[in-house]
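Next comes work02.txt, with compact mmCIF, C-alpha atoms and all ligand atoms.
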# COMPACT_ATOMS: atom_id res chain seq x y z
CA MET A 1 -15.53 12.10 -47.51
CA ASN A 2 -12.57 13.34 -49.55
CA LYS A 3 -9.54 11.11 -49.01
CA ASN A 4 -7.10 13.96 -49.69
CA LYS A 5 -8.12 15.80 -46.51
CA SER A 6 -5.65 15.87 -43.61
CA ILE A 7 -5.36 13.61 -40.61
CA ALA A 8 -5.15 15.54 -37.32
CA VAL A 9 -3.17 14.18 -34.36
CA PHE A 10 -3.28 15.75 -30.91
CA ASP A 11 -1.77 15.38 -27.48
CA SER A 12 -0.93 17.61 -24.52
CA GLY A 13 2.62 17.97 -25.83
CA VAL A 14 5.43 16.00 -27.43
CA GLY A 15 4.06 12.61 -26.31
CA GLY A 16 1.79 12.21 -29.32
CA LEU A 17 4.88 12.20 -31.52
CA THR A 18 5.40 8.56 -30.47
CA VAL A 19 2.16 7.88 -32.35
CA TYR A 20 2.82 10.41 -35.09
CA GLU A 21 6.19 8.90 -35.96
CA LYS A 22 4.58 5.46 -36.45
CA LEU A 23 1.78 6.89 -38.59
CA LYS A 24 4.17 8.89 -40.74
CA THR A 25 6.27 5.74 -41.31
CA ILE A 26 3.42 3.52 -42.44
CA LEU A 27 1.32 6.25 -44.08
CA PRO A 28 3.87 8.65 -45.58
CA ASN A 29 1.50 9.98 -48.22
CA GLU A 30 -1.03 11.49 -45.87
CA ASN A 31 -1.23 15.20 -45.02
CA TYR A 32 -0.97 15.76 -41.27
CA ILE A 33 -1.77 18.45 -38.74
CA TYR A 34 -0.20 17.88 -35.30
CA PHE A 35 -1.33 19.88 -32.29
CA GLY A 36 0.51 19.84 -28.93
CA ASP A 37 -1.39 21.62 -26.17
CA LEU A 38 1.62 22.66 -24.11
CA LYS A 39 -0.22 25.54 -22.48
CA ASN A 40 -2.62 23.13 -20.74
CA SER A 41 -0.15 20.29 -20.16
CA PRO A 42 -0.18 18.11 -18.11
CA TYR A 43 -3.68 16.84 -18.93
CA GLY A 44 -3.20 14.01 -16.44
CA GLN A 45 -3.86 16.28 -13.44
CA LYS A 46 -7.02 17.86 -14.92
CA SER A 47 -10.65 17.03 -14.12
CA LYS A 48 -12.99 15.49 -16.65
CA GLU A 49 -14.87 18.84 -16.96
CA GLN A 50 -11.64 20.70 -17.70
CA LEU A 51 -10.66 18.09 -20.29
CA LEU A 52 -14.08 18.34 -21.96
CA ASP A 53 -13.71 22.14 -22.19
CA ILE A 54 -10.16 22.00 -23.50
CA THR A 55 -10.82 19.38 -26.13
CA SER A 56 -13.95 21.10 -27.43
CA TYR A 57 -11.65 23.92 -28.67
CA ILE A 58 -9.31 21.42 -30.25
CA PHE A 59 -12.09 19.48 -32.00
CA ASN A 60 -13.60 22.75 -33.25
CA TYR A 61 -10.24 23.83 -34.63
CA PHE A 62 -9.98 20.54 -36.53
CA THR A 63 -13.53 21.10 -37.83
CA SER A 64 -12.41 24.49 -39.17
CA ARG A 65 -9.48 22.72 -40.89
CA ASP A 66 -11.89 20.25 -42.51
CA VAL A 67 -9.88 17.14 -41.59
CA LYS A 68 -10.95 13.59 -42.46
CA ALA A 69 -9.87 12.02 -39.15
CA VAL A 70 -8.70 12.94 -35.66
CA VAL A 71 -6.22 10.69 -33.90
CA MET A 72 -6.59 11.01 -30.11
CA ALA A 73 -3.01 10.05 -29.42
CA CYS A 74 -3.55 11.20 -25.86
CA ASN A 75 -4.60 8.36 -23.52
CA THR A 76 -5.96 10.82 -20.94
CA THR A 77 -8.49 12.30 -23.38
CA SER A 78 -9.33 8.86 -24.81
CA ALA A 79 -10.19 7.80 -21.26
CA ASN A 80 -12.08 10.92 -20.27
CA VAL A 81 -13.73 12.61 -23.26
CA TYR A 82 -14.00 10.16 -26.17
CA GLU A 83 -17.38 8.76 -25.08
CA GLU A 84 -18.88 12.24 -24.87
CA TYR A 85 -17.61 13.46 -28.25
CA LYS A 86 -17.49 10.30 -30.36
CA ASN A 87 -20.62 11.14 -32.40
CA SER A 88 -20.33 14.92 -32.41
CA PHE A 89 -18.24 15.57 -35.52
CA ASP A 90 -18.23 14.67 -39.21
CA TYR A 91 -14.71 13.24 -39.16
CA LYS A 92 -13.62 9.86 -37.83
CA ILE A 93 -12.17 9.87 -34.31
CA TYR A 94 -9.60 7.24 -33.27
CA PRO A 95 -9.08 6.94 -29.47
CA ILE A 96 -5.86 5.16 -28.47
CA ILE A 97 -7.13 3.10 -25.50
CA GLN A 98 -10.36 1.78 -27.00
CA THR A 99 -8.62 1.05 -30.31
CA CYS A 100 -5.71 -0.91 -28.79
CA ALA A 101 -7.57 -2.80 -26.04
CA LYS A 102 -8.61 -5.71 -28.28
CA VAL A 103 -5.07 -6.46 -29.50
CA ILE A 104 -3.70 -6.14 -25.96
CA SER A 105 -6.41 -8.50 -24.63
CA GLU A 106 -5.23 -11.16 -27.10
CA LEU A 107 -1.65 -11.22 -25.76
CA PRO A 108 -0.77 -14.54 -24.08
CA ILE A 109 -0.53 -13.10 -20.58
CA LYS A 110 -2.34 -13.37 -17.26
CA LYS A 111 -0.97 -10.35 -15.39
CA LEU A 112 -0.68 -6.95 -17.00
CA GLY A 113 0.61 -3.70 -15.56
CA VAL A 114 -0.49 -0.27 -16.81
CA PHE A 115 1.42 2.95 -16.20
CA ALA A 116 -0.64 6.05 -17.04
CA THR A 117 -1.55 9.53 -15.85
CA SER A 118 -3.70 10.06 -12.75
CA ALA A 119 -6.73 11.04 -14.89
CA THR A 120 -6.42 7.90 -17.03
CA ILE A 121 -6.02 5.63 -14.02
CA SER A 122 -8.92 7.14 -12.10
CA SER A 123 -11.17 6.60 -15.15
CA GLY A 124 -10.35 2.86 -15.02
CA ALA A 125 -10.42 2.87 -18.84
CA TYR A 126 -7.55 0.44 -19.51
CA LYS A 127 -8.84 -2.21 -17.12
CA ARG A 128 -12.43 -1.82 -18.32
CA GLU A 129 -11.62 -1.92 -22.04
CA ILE A 130 -9.20 -4.89 -21.77
CA ASN A 131 -11.48 -6.93 -19.49
CA LYS A 132 -14.35 -6.29 -21.93
CA TYR A 133 -12.52 -8.59 -24.37
CA ASN A 134 -10.74 -10.87 -21.90
CA GLU A 135 -11.76 -10.99 -18.28
CA ASN A 136 -8.99 -13.46 -17.39
CA ILE A 137 -6.28 -10.82 -17.55
CA GLU A 138 -5.54 -9.32 -14.16
CA VAL A 139 -4.81 -5.63 -14.73
CA PHE A 140 -2.70 -3.62 -12.26
CA GLU A 141 -3.01 0.11 -12.87
CA MET A 142 -0.59 2.71 -11.50
CA ALA A 143 -0.61 6.49 -11.87
CA CYS A 144 2.80 8.08 -12.45
CA PRO A 145 2.53 11.79 -11.57
CA GLY A 146 5.60 13.74 -12.62
CA TRP A 147 6.62 11.56 -15.56
CA VAL A 148 5.03 13.83 -18.19
CA GLN A 149 6.82 16.92 -16.85
CA ILE A 150 10.12 15.01 -16.87
CA VAL A 151 9.67 14.39 -20.60
CA GLU A 152 8.40 17.87 -21.51
CA GLU A 153 11.33 19.39 -19.63
CA ASN A 154 13.75 16.91 -21.19
CA LYS A 155 14.99 15.81 -17.74
CA GLN A 156 14.84 12.04 -18.20
CA HIS A 157 18.47 11.57 -17.28
CA ASP A 158 18.48 13.69 -14.09
CA GLU A 159 19.16 11.71 -10.94
CA LYS A 160 15.88 12.83 -9.33
CA SER A 161 13.88 11.71 -12.37
CA ILE A 162 15.55 8.29 -12.48
CA GLN A 163 14.85 7.81 -8.78
CA LEU A 164 11.13 8.63 -9.20
CA ILE A 165 10.78 6.33 -12.23
CA LYS A 166 12.55 3.49 -10.39
CA GLU A 167 10.32 3.89 -7.33
CA ASN A 168 7.16 3.59 -9.46
CA LEU A 169 8.57 0.65 -11.38
CA ASP A 170 9.56 -1.18 -8.16
CA GLY A 171 6.01 -0.72 -6.87
CA MET A 172 4.56 -2.14 -10.06
CA LEU A 173 6.98 -5.10 -10.21
CA LYS A 174 5.69 -6.31 -6.83
CA ASN A 175 2.58 -7.50 -8.73
CA ASN A 176 4.77 -9.67 -11.02
CA PRO A 177 3.25 -8.40 -14.29
CA GLU A 178 4.40 -10.23 -17.43
CA LYS A 179 4.08 -7.01 -19.45
CA ILE A 180 3.57 -3.35 -18.63
CA ILE A 181 1.64 -1.04 -20.94
CA LEU A 182 3.03 2.46 -21.33
CA GLY A 183 -0.44 4.00 -21.18
CA CYS A 184 0.63 7.58 -21.77
CA THR A 185 2.20 8.73 -25.02
CA HIS A 186 4.98 10.49 -23.13
CA TYR A 187 6.26 7.35 -21.43
CA PRO A 188 8.08 5.73 -24.41
CA PHE A 189 10.46 8.72 -24.07
CA LEU A 190 11.48 7.08 -20.75
CA LEU A 191 12.22 3.61 -22.15
CA ASP A 192 15.96 4.11 -21.78
CA VAL A 193 15.57 4.66 -18.06
CA LEU A 194 12.93 1.95 -17.52
CA SER A 195 15.11 -0.57 -19.34
CA GLN A 196 17.91 -0.04 -16.85
CA PHE A 197 15.74 -1.73 -14.21
CA ALA A 198 13.65 -4.28 -16.16
CA PRO A 199 14.08 -5.98 -19.56
CA SER A 200 12.94 -3.69 -22.36
CA GLU A 201 10.60 -6.43 -23.71
CA THR A 202 8.54 -5.97 -20.53
CA PHE A 203 7.17 -2.67 -21.84
CA ILE A 204 4.49 -2.31 -24.48
CA ASP A 205 4.07 0.92 -26.40
CA PRO A 206 0.52 0.72 -27.82
CA SER A 207 1.29 3.19 -30.60
CA GLU A 208 2.43 0.38 -32.93
CA PHE A 209 -0.98 -1.40 -32.73
CA PHE A 210 -2.71 1.97 -32.96
CA ALA A 211 -1.04 3.11 -36.17
CA GLN A 212 -1.65 -0.30 -37.82
CA TYR A 213 -5.33 -0.16 -36.93
CA ILE A 214 -5.74 3.38 -38.30
CA LYS A 215 -4.09 2.34 -41.55
CA SER A 216 -6.34 -0.69 -42.01
CA ASP A 217 -9.48 1.25 -41.08
CA LEU A 218 -8.75 4.08 -43.52
CA GLU A 219 -8.00 1.44 -46.16
CA LYS A 220 -11.29 -0.33 -45.46
CA HIS A 221 -13.20 2.92 -45.92
CA GLU A 222 -11.22 3.86 -49.04
CA LEU A 223 -9.86 6.93 -47.32
CA LEU A 224 -6.14 6.46 -47.91
CA ASN A 225 -4.36 9.34 -49.60
CA SER A 226 -1.63 8.45 -52.09
CA ASP A 227 -0.88 11.99 -53.03
CA GLY A 228 -0.01 14.01 -49.89
CA GLY A 229 3.00 14.18 -47.60
CA ASP A 230 2.53 17.63 -46.02
CA GLU A 231 2.89 18.16 -42.29
CA GLU A 232 2.06 21.12 -40.07
CA PHE A 233 2.89 21.40 -36.38
CA PHE A 234 1.11 23.67 -33.92
CA VAL A 235 1.48 24.23 -30.18
CA SER A 236 -0.47 26.42 -27.74
CA ALA A 237 2.77 27.52 -25.97
CA ASN A 238 6.57 27.02 -25.89
CA PRO A 239 7.40 26.19 -29.53
CA LYS A 240 11.17 26.19 -28.87
CA GLU A 241 10.91 23.72 -25.97
CA PHE A 242 8.65 21.50 -28.07
CA LYS A 243 11.20 21.29 -30.87
CA VAL A 244 14.00 20.35 -28.45
CA ALA A 245 12.01 17.72 -26.52
CA ALA A 246 10.56 16.28 -29.75
CA LYS A 247 13.99 15.33 -31.09
CA MET A 248 14.08 11.86 -29.58
CA PHE A 249 11.06 10.72 -31.61
CA TYR A 250 10.73 13.14 -34.47
CA GLU A 251 13.13 15.73 -35.81
CA LEU A 252 11.15 18.86 -36.75
CA LYS A 253 12.51 20.91 -39.63
CA ASN A 254 11.03 24.15 -38.30
CA GLU A 255 9.70 25.36 -35.01
CA PRO A 256 5.99 24.61 -34.64
CA LYS A 257 3.54 27.51 -35.12
CA LEU A 258 1.78 29.04 -32.16
CA LEU A 259 -1.98 28.46 -32.01
CA GLU A 260 -3.30 30.26 -28.96
CA TYR A 261 -6.72 29.71 -27.50
CA GLN A 262 -8.39 30.64 -24.23
CA TYR A 263 -10.30 28.09 -22.32
N1 LIG B 301 0.37 12.18 -23.20
C1 LIG B 301 -0.94 12.18 -22.70
C2 LIG B 301 -1.47 10.80 -22.46
O1 LIG B 301 -1.21 9.94 -23.29
C3 LIG B 301 -1.23 13.18 -21.60
C4 LIG B 301 -0.14 13.43 -20.64
C5 LIG B 301 -0.41 14.64 -19.77
O2 LIG B 301 -0.45 15.75 -20.30
O3 LIG B 301 -0.59 14.47 -18.55
O4 LIG B 301 -2.16 10.54 -21.51
Using the file provided, produce a representation of the structure as structure tokens.
Amino acid sequence: MNKNKSIAVFDSGVGGLTVYEKLKTILPNENYIYFGDLKNSPYGQKSKEQLLDITSYIFNYFTSRDVKAVVMACNTTSANVYEEYKNSFDYKIYPIIQTCAKVISELPIKKLGVFATSATISSGAYKREINKYNENIEVFEMACPGWVQIVEENKQHDEKSIQLIKENLDGMLKNNPEKIILGCTHYPFLLDVLSQFAPSETFIDPSEFFAQYIKSDLEKHELLNSDGGDEEFFVSANPKEFKVAAKMFYELKNEPKLLEYQY
């Protein structure tokens, strides 16, 4: 494998930028391709079959771009399609949930909350993967429908949005979790709001662990690039909206390019 090839990162929209920003900071000399599938967002309300169909196009596109690794920043696809596709391509695939579960399972806690999309929660992936390493952690999972749209539409400070977020958080806090995982890449965009109602240290954004793991794994396999630094952004719809919503985590120099596909 040629270490100068690009790393691809994908998500249903801007959420994956929470991961991308961390990767770019610790691995600035890589070449990156970022794909945000805004046309099919939100993934969290899709069935497993739909997600398998959608991601097959995305994986094939990355094959055509001859990348060295694909970062499944999206929790929903990590939960629902990683197992099916993990051995299907020549590049390395990094799924966020399975990669971060071990580090999370080593935290000194007994009760853990997880906020994620409906499709992630109904897969049970967070609970399963964490309890695989540590069965003494009690995991409380909660789906948060509507949160992804709030972020994509940049409405995190609307009264209605704050009310919905607070309602979900109140429900979760009844379980007395010591920490709550933000198990969807879009949710760190809501930290400002969440922190109005619970201490910000309560929330864990797994992207930090994820980026560190990817760095050490590429290092281990002698796949680190010291000579790149290029980045390309693609979306399947709404490039203008993407650029605006992205701002909070990553300032894009240009609008992303449109990459249309039919599924
Ligand atoms: N941001 C993705 C995730 O981490 C998917 C959100 C969605 O499109 O519903 O799960």
Query raised in the report: So which one's closest to ligand LIG 301 (chain B), A:Gln149, A:Asn136, A:Asn75, A:Asn4? Using all atoms listed in the file, please.
Result: A:Asn75
Report task. Measure the distance from CA of Val193 in chain A to CA of Ser161 in chain A in Å and round it to one decimal. Result -> 9.2 Å
Report task. Enter the distance from CA of Phe210 in chain A to CA of Glu83 in chain A, in Å, rounded to one decimal. Result ->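 CA of Phe210 in chain A sits 18.0 Å away from CA of Glu83 in chain A.
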Query raised in the report: Of the candidates A:Ile214, A:Leu23, A:Leu252, A:Ile150, which shows the shortest atom-to-atom distance to Pro95 in chain A, using all atoms listed in the file?
Result: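 Once distances to Pro95 in chain A are computed over all atoms listed in the file, the minimum belongs to A:Ile214.
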List as a PDB file with C-alpha atoms, in the coordinates of the input the protein and nucleic acid residues lying within 7 Å of ligand LIG 301 (chain B), with only C-alpha atoms and all ligand atoms counted.
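Heads up, here's the output in pocket-v9.pdb:
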ATOM      1  CA  ASP A  11      -1.770  15.380 -27.480  1.00  0.00           C
ATOM      2  CA  SER A  12      -0.930  17.610 -24.520  1.00  0.00           C
ATOM      3  CA  GLY A  13       2.620  17.970 -25.830  1.00  0.00           C
ATOM      4  CA  GLY A  15       4.060  12.610 -26.310  1.00  0.00           C
ATOM      5  CA  GLY A  16       1.790  12.210 -29.320  1.00  0.00           C
ATOM      6  CA  SER A  41      -0.150  20.290 -20.160  1.00  0.00           C
ATOM      7  CA  PRO A  42      -0.180  18.110 -18.110  1.00  0.00           C
ATOM      8  CA  TYR A  43      -3.680  16.840 -18.930  1.00  0.00           C
ATOM      9  CA  GLY A  44      -3.200  14.010 -16.440  1.00  0.00           C
ATOM     10  CA  GLN A  45      -3.860  16.280 -13.440  1.00  0.00           C
ATOM     11  CA  ALA A  73      -3.010  10.050 -29.420  1.00  0.00           C
ATOM     12  CA  CYS A  74      -3.550  11.200 -25.860  1.00  0.00           C
ATOM     13  CA  ASN A  75      -4.600   8.360 -23.520  1.00  0.00           C
ATOM     14  CA  THR A  76      -5.960  10.820 -20.940  1.00  0.00           C
ATOM     15  CA  THR A  77      -8.490  12.300 -23.380  1.00  0.00           C
ATOM     16  CA  ALA A 116      -0.640   6.050 -17.040  1.00  0.00           C
ATOM     17  CA  THR A 117      -1.550   9.530 -15.850  1.00  0.00           C
ATOM     18  CA  THR A 120      -6.420   7.900 -17.030  1.00  0.00           C
ATOM     19  CA  VAL A 148       5.030  13.830 -18.190  1.00  0.00           C
ATOM     20  CA  GLY A 183      -0.440   4.000 -21.180  1.00  0.00           C
ATOM     21  CA  CYS A 184       0.630   7.580 -21.770  1.00  0.00           C
ATOM     22  CA  THR A 185       2.200   8.730 -25.020  1.00  0.00           C
ATOM     23  CA  HIS A 186       4.980  10.490 -23.130  1.00  0.00           C
TER      24      HIS A 186
END
Query raised in the report: Residues at most 8 Å from Pro256 in chain A, counting only C-alpha atoms, excluding those fewer than 5 positions away in the same chain, as JSON, numbers by chain?
Result: {"A": [232, 233, 234, 235, 239, 240, 242, 243]}
Report summary line: For Ile33 in chain A, the closest of A:Gln50, A:Thr55, A:Ser6, A:Asn131 counting all atoms listed in the file is A:Ser6
Query raised in the report: What is the distance, in Å and to one decimal place, between CA of Gln163 in chain A and CA of Ile121 in chain A?
Result: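 One can read the CA of Gln163 in chain A to CA of Ile121 in chain A distance as 21.6 Å.
Distance check against Ala198 in chain A using all atoms listed in the file: of A:Glu141, A:Asp170, A:Glu159, A:Glu222, the minimum falls on A:Asp170.
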Query raised in the report: Which one is closest to Glu153 in chain A: A:Gln212, A:Ser64, A:Ser105, A:Asn238? Count all atoms listed in the file.
Result: A:Asn238
Report task. Check the smallest atom-to-atom distance from each of A:Tyr94, A:Tyr32, A:Phe209, A:Tyr133 to Val67 in chain A using all atoms listed in the file, then report the winner. Result ->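 Closest to Val67 in chain A of all the choices is A:Tyr32.
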Mind running range 158-262 of chain A against range 108-112 of chain A at 7 Å and telling me each contacting residue's nearest atom pair with the distance in Å (one decimal), counting only C-alpha atoms, chain and number ascending, as JSON lines?
{"residue": "A:Pro177", "atom": "CA", "partner": "A:Lys111", "partner_atom": "CA", "distance": 4.8}
{"residue": "A:Glu178", "atom": "CA", "partner": "A:Lys111", "partner_atom": "CA", "distance": 5.7}
{"residue": "A:Lys179", "atom": "CA", "partner": "A:Leu112", "partner_atom": "CA", "distance": 5.4}
{"residue": "A:Ile180", "atom": "CA", "partner": "A:Leu112", "partner_atom": "CA", "distance": 5.8}
Query raised in the report: Can you list, as a VMD selection string, every protein, DNA or RNA residue that comes within 10 Å of Ile54 in chain A when you count all atoms listed in the file, leaving out same-chain residues fewer than 6 positions away?
Result: chain A and resid 37 40 43 48 77 261 to 263
Query raised in the report: Could you pull the residues within 12 Å of Leu182 in chain A, counting all atoms listed in the file, minus those fewer than 5 positions along the same chain, as a PyMOL selection string?
Result: chain A and resi 15+18+74-75+96-97+100+104+112-117+120+126+141-144+147-148+169+187-191+194+200-208
Writing out the chosen residues with C-alpha atoms as a short mmCIF file (atom, residue, chain, number, x, y, z; two decimals), in the frame of the given file:
data_model
loop_
_atom_site.label_atom_id
_atom_site.label_comp_id
_atom_site.auth_asym_id
_atom_site.auth_seq_id
_atom_site.Cartn_x
_atom_site.Cartn_y
_atom_site.Cartn_z
CA GLY A 15 4.06 12.61 -26.31
CA THR A 18 5.40 8.56 -30.47
CA CYS A 74 -3.55 11.20 -25.86
CA ASN A 75 -4.60 8.36 -23.52
CA ILE A 96 -5.86 5.16 -28.47
CA ILE A 97 -7.13 3.10 -25.50
CA CYS A 100 -5.71 -0.91 -28.79
CA ILE A 104 -3.70 -6.14 -25.96
CA LEU A 112 -0.68 -6.95 -17.00
CA GLY A 113 0.61 -3.70 -15.56
CA VAL A 114 -0.49 -0.27 -16.81
CA PHE A 115 1.42 2.95 -16.20
CA ALA A 116 -0.64 6.05 -17.04
CA THR A 117 -1.55 9.53 -15.85
CA THR A 120 -6.42 7.90 -17.03
CA TYR A 126 -7.55 0.44 -19.51
CA GLU A 141 -3.01 0.11 -12.87
CA MET A 142 -0.59 2.71 -11.50
CA ALA A 143 -0.61 6.49 -11.87
CA CYS A 144 2.80 8.08 -12.45
CA TRP A 147 6.62 11.56 -15.56
CA VAL A 148 5.03 13.83 -18.19
CA LEU A 169 8.57 0.65 -11.38
CA TYR A 187 6.26 7.35 -21.43
CA PRO A 188 8.08 5.73 -24.41
CA PHE A 189 10.46 8.72 -24.07
CA LEU A 190 11.48 7.08 -20.75
CA LEU A 191 12.22 3.61 -22.15
CA LEU A 194 12.93 1.95 -17.52
CA SER A 200 12.94 -3.69 -22.36
CA GLU A 201 10.60 -6.43 -23.71
CA THR A 202 8.54 -5.97 -20.53
CA PHE A 203 7.17 -2.67 -21.84
CA ILE A 204 4.49 -2.31 -24.48
CA ASP A 205 4.07 0.92 -26.40
CA PRO A 206 0.52 0.72 -27.82
CA SER A 207 1.29 3.19 -30.60
CA GLU A 208 2.43 0.38 -32.93
#
